[in-house]
Every structure is written in C-alpha cells, then in structure tokens.
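Raw coords.txt, compact mmCIF, C-alpha atoms:
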```
# COMPACT_ATOMS: atom_id res chain seq x y z
CA MET A 188 1.96 -8.36 -7.73
CA LYS A 189 5.26 -8.93 -5.95
CA CYS A 190 5.64 -7.60 -2.40
CA LEU A 191 8.92 -5.98 -1.40
CA LEU A 192 9.70 -5.57 2.30
CA VAL A 193 11.64 -2.59 3.63
CA ASN A 194 13.29 -3.16 6.99
CA LYS A 195 16.04 -1.09 8.61
CA GLY A 196 16.27 1.11 5.53
CA ARG A 197 16.87 -1.76 3.09
CA ILE A 198 14.73 -3.72 0.68
CA SER A 199 14.89 -7.42 1.56
CA GLY A 200 16.69 -9.41 -1.11
CA ILE A 201 18.16 -6.34 -2.86
CA LYS A 202 21.74 -5.53 -1.92
CA ASN A 203 22.14 -2.12 -3.55
CA THR A 204 20.44 0.31 -5.89
CA ASP A 205 22.16 -1.24 -8.92
CA ASP A 206 20.11 -4.38 -8.25
CA LEU A 207 16.91 -2.33 -8.63
CA ALA A 208 17.67 -1.84 -12.32
CA ARG A 209 17.54 -5.62 -12.77
CA VAL A 210 14.27 -6.49 -11.06
CA PRO A 211 12.10 -8.59 -13.42
CA TYR A 212 8.88 -6.63 -12.89
CA ASP A 213 7.76 -3.06 -13.48
CA GLU A 214 5.30 -2.73 -10.59
CA ALA A 215 5.52 -3.76 -6.94
CA PHE A 216 3.71 -3.54 -3.61
CA VAL A 217 6.20 -2.12 -1.10
CA ILE A 218 5.69 -2.68 2.62
CA ASP A 219 7.79 -0.36 4.78
CA LEU A 220 8.08 -2.08 8.15
CA ASP A 221 10.14 0.85 9.49
CA ALA A 222 7.22 3.22 8.80
CA ILE A 223 4.53 0.84 10.07
CA PHE A 224 6.20 -0.16 13.33
CA ARG A 225 8.58 2.75 14.08
CA HIS A 226 7.00 5.68 12.18
CA HIS A 227 10.28 6.13 10.27
CA PHE A 228 9.63 6.72 6.58
CA ASN A 229 12.38 5.84 4.08
CA PHE A 230 11.80 8.75 1.68
CA LYS A 231 15.23 8.53 0.05
CA LEU A 232 14.70 4.82 -0.65
CA TYR A 233 11.23 5.48 -2.12
CA ASN A 234 12.74 8.08 -4.43
CA GLU A 235 15.44 5.69 -5.60
CA LEU A 236 12.97 2.83 -6.07
CA SER A 237 10.63 5.04 -8.12
CA LYS A 238 13.33 5.39 -10.78
CA TYR A 239 13.00 1.67 -11.58
CA VAL A 240 9.58 0.42 -10.48
CA GLU A 241 6.10 1.85 -10.11
CA PHE A 242 4.92 0.98 -6.63
CA THR A 243 2.10 1.04 -4.15
CA LEU A 244 3.48 1.82 -0.71
CA MET A 245 2.12 0.44 2.53
CA ALA A 246 3.51 2.84 5.12
CA LEU A 247 0.26 3.78 6.90
CA PRO A 248 0.78 7.56 7.12
CA GLU A 249 -1.32 9.37 9.70
CA THR A 250 -0.81 13.01 8.70
CA GLU A 251 -1.24 15.02 5.53
CA ASN A 252 2.45 15.98 5.63
CA ASP A 253 3.55 12.34 5.73
CA LEU A 254 1.21 11.49 2.86
CA MET A 255 2.50 14.38 0.75
CA ASP A 256 6.14 13.47 1.46
CA ILE A 257 5.44 9.88 0.41
CA ILE A 258 3.82 10.99 -2.86
CA VAL A 259 6.62 13.45 -3.63
CA SER A 260 9.13 10.67 -2.93
CA GLY A 261 7.68 8.57 -5.75
CA ALA A 262 4.91 6.25 -4.54
CA SER A 263 2.13 5.83 -7.12
CA ARG A 264 -0.43 4.75 -4.54
CA VAL A 265 -0.37 4.87 -0.73
CA VAL A 266 -1.97 2.44 1.72
CA ILE A 267 -3.57 3.98 4.80
CA GLY A 268 -4.96 2.32 7.90
CA ASP A 269 -8.66 1.92 8.54
CA ASP A 270 -8.19 3.28 12.06
CA LEU A 271 -7.96 6.89 10.83
CA ASN A 272 -10.97 9.12 11.40
CA VAL A 273 -13.23 9.82 8.44
CA SER A 274 -12.23 13.49 8.16
CA THR A 275 -8.54 12.57 7.86
CA ILE A 276 -9.32 9.95 5.22
CA GLN A 277 -11.38 12.53 3.32
CA LYS A 278 -8.47 15.02 3.46
CA PHE A 279 -6.18 12.30 2.10
CA LEU A 280 -8.61 11.61 -0.77
CA ASP A 281 -8.79 15.36 -1.47
CA MET A 282 -4.98 15.34 -1.84
CA THR A 283 -4.93 12.31 -4.15
CA GLU A 284 -7.35 9.69 -5.40
CA GLU A 285 -4.53 7.14 -5.28
CA ILE A 286 -5.32 6.01 -1.75
CA VAL A 287 -5.67 2.34 -0.84
CA MET A 288 -7.37 1.69 2.49
CA ARG A 289 -6.54 -1.34 4.56
CA CYS A 290 -10.01 -2.71 5.31
CA GLY A 291 -10.40 -5.10 8.21
CA THR A 292 -14.18 -5.08 8.05
CA GLU A 293 -16.89 -4.67 5.46
CA GLN A 294 -18.19 -1.61 7.31
CA LYS A 295 -14.83 0.14 6.89
CA ALA A 296 -14.79 -0.71 3.18
CA ILE A 297 -18.35 0.61 2.74
CA MET A 298 -17.45 3.83 4.60
CA PHE A 299 -14.37 4.30 2.38
CA HIS A 300 -16.42 3.76 -0.76
CA ALA A 301 -19.05 6.24 0.50
CA ILE A 302 -16.41 9.00 0.62
CA LYS A 303 -15.22 8.14 -2.92
CA GLY A 304 -12.42 5.70 -2.09
CA ASN A 305 -12.13 2.83 -4.54
CA MET A 306 -9.00 0.81 -3.68
CA TYR A 307 -8.84 -1.59 -0.77
CA LEU A 308 -6.24 -3.83 0.89
CA SER A 309 -7.80 -6.92 2.39
CA CYS A 310 -7.85 -10.67 2.81
CA ARG A 311 -11.48 -10.51 1.76
CA THR A 312 -13.40 -8.94 -1.06
CA TYR A 313 -16.65 -7.10 -0.51
CA ASP A 314 -19.58 -6.40 -2.79
CA ILE A 315 -18.54 -2.83 -3.55
CA PRO A 316 -16.96 -1.39 -6.70
CA GLY A 317 -13.24 -0.83 -6.88
CA VAL A 318 -9.91 -2.61 -6.89
CA PHE A 319 -8.80 -5.01 -4.18
CA PHE A 320 -5.14 -5.53 -3.36
CA TYR A 321 -5.72 -9.02 -2.08
CA TYR A 322 -3.54 -11.05 0.27
CA GLY A 323 -5.96 -13.88 0.88
CA PRO A 324 -5.95 -17.36 -0.63
CA PHE A 325 -5.60 -16.96 -4.38
CA SER A 326 -8.68 -18.88 -5.44
CA LYS A 327 -10.56 -16.00 -7.05
CA GLN A 328 -9.75 -14.68 -10.49
CA ASP A 329 -11.27 -11.30 -11.25
CA SER A 330 -10.10 -8.19 -13.07
CA ASN A 331 -10.64 -6.04 -9.97
CA ILE A 332 -8.49 -8.26 -7.72
CA ILE A 333 -4.71 -7.84 -7.61
CA PRO A 334 -3.17 -10.81 -5.76
CA LEU A 335 -0.19 -9.92 -3.58
CA GLU A 336 2.67 -12.40 -3.62
CA GLY A 337 4.72 -12.59 -0.43
CA PHE A 338 2.53 -10.45 1.84
CA PRO A 339 3.84 -11.01 5.40
CA ASP A 340 1.64 -13.09 7.69
CA GLU A 341 2.20 -10.75 10.64
CA LEU A 342 0.39 -7.96 8.76
CA LYS A 343 -2.64 -10.01 7.81
CA THR A 344 -5.35 -8.67 10.08
CA ASP A 345 -8.60 -10.01 8.67
CA CYS A 346 -7.97 -13.57 7.50
```
Could you spell out this file's structure in structure tokens?
Amino acid sequence: MKCLLVNKGRISGIKNTDDLARVPYDEAFVIDLDAIFRHHFNFKLYNELSKYVEFTLMALPETENDLMDIIVSGASRVVIGDDLNVSTIQKFLDMTEEIVMRCGTEQKAIMFHAIKGNMYLSCRTYDIPGVFFYYGPFSKQDSNIIPLEGFPDELKTDC
C-alpha cells in the first residue's frame, strides 16, 4: 500500500486536488505529520482526499473528539499510538472497530488484541490474529500483512 505524507497542510507530491483524481491507486496509507508532531489535524484535506481514495490515516488522535472528527472527515481506518491508556483505547474501539494500533512491543499488541483490536502497525509481526500494516523489510508474504511502501524512517519505532 502506498504511503502519502501530509506536511504543512499538503500531500507530498500532489500539487492540487485535481491531481487526486489521477492517482493510480484506490487505497492509501496517509501519514499526517502535522497531526503527529504539532497536533494540527487537516480535516478539510482528509475530506477532499476521501472523495478519491479510501485511506487509513496515521494521525495518532488522543481524544474521542479528535477520533470522531477524523472519521467524519473521511478516514476509513485510524492509527492510534500504543502510549494511550487501555480505557481510552477501549473507548476508541467502542466508537469504531476500524482502529489500527501502532505496536512497538508484543505486549502492546497482545493487550490490544485482548480488548478486541485486530489491526496493528508495526515493523514486526506477532503470533496473534489480525491484520498487520507492515513497514518492515518486505520478505514475508502473507494475506494478513499489508506492506507499506514509502513509510518514513523517522516514524519507524520498533525496527
């Protein structure tokens, strides 16, 4: 799956919204650097992008309001951090099952699975059921692994 980077309110490599209509794929993994590093969500951009591409958004929301705004703005799935407390993660899963948890350790992945999470973002795969959005070396081929093309090195935490 192709990664798209959002920085300063723009998608890298895409000049304007007309270019979105011409992207050669129908699904993407969007990484919002503004949201991750400056807690500034690009809701208008998500809404525009959702008209052309289904996407999983890595924005690492910390509140239920941010999560809901992201979903309403068009993200199909939302990546959350593994540093959230379990009760917050459970509230997120109660709002939507379409939560992907960034898992830096196997213990975090097991905890997420125990509270009914089943999608993980990692450089590793663990022996638990679910789907892995995988940014590690692409040596494994498996139906439950979605390789991410162009995932930024500075966000790889567990390799």
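Nearest-residue note for Thr344 of chain A: choosing from A:Thr243, A:Asn331, A:Ser309, A:Gln294, the minimum distance belongs to A:Ser309, counting only C-alpha atoms.
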Worksheet item: Nearest to Lys238 of chain A among A:Ile302, A:Val210, A:Ile218, A:Thr312, with distances taken over all atoms listed in the file: which residue is it?
Response: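 Of A:Ile302, A:Val210, A:Ile218, A:Thr312, the one nearest Lys238 of chain A, counting all atoms listed in the file, is A:Val210.
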Worksheet item: Leaving out Glu249 of chain A and any residue of its chain fewer than 2 positions from it, which residues lie within 8 Å of it when counting all atoms listed in the file, given as a list in words?
Response: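 The contact residues come out as Leu247, Glu251, Asp253, Leu254, Ile267 and Leu271 of chain A.
Our summary of the geometry notes that atom CA of His226 of chain A is positioned 23.4 Å from atom CA of Val240 of chain A.
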Practice prompt. Report the distance between atom CA of Gly304 of chain A and atom CA of Leu280 of chain A in Å, rounded to one decimal place.
Written response: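 Atom CA of Leu280 of chain A lies 7.2 Å from atom CA of Gly304 of chain A.
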Fill in: From A:Ala222, A:Ile297, A:Gln277, A:Val217, residue lying nearest Arg264 of chain A [only C-alpha atoms]
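Among the listed residues, the smallest separation from Arg264 of chain A belongs to A:Val217.
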Worksheet item: Between A:Lys278, A:Arg209, A:His300, A:Lys231, which is the closest to Ile315 of chain A once you count only C-alpha atoms?
Response: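 Using only C-alpha atoms, the shortest distance to Ile315 of chain A belongs to A:His300.
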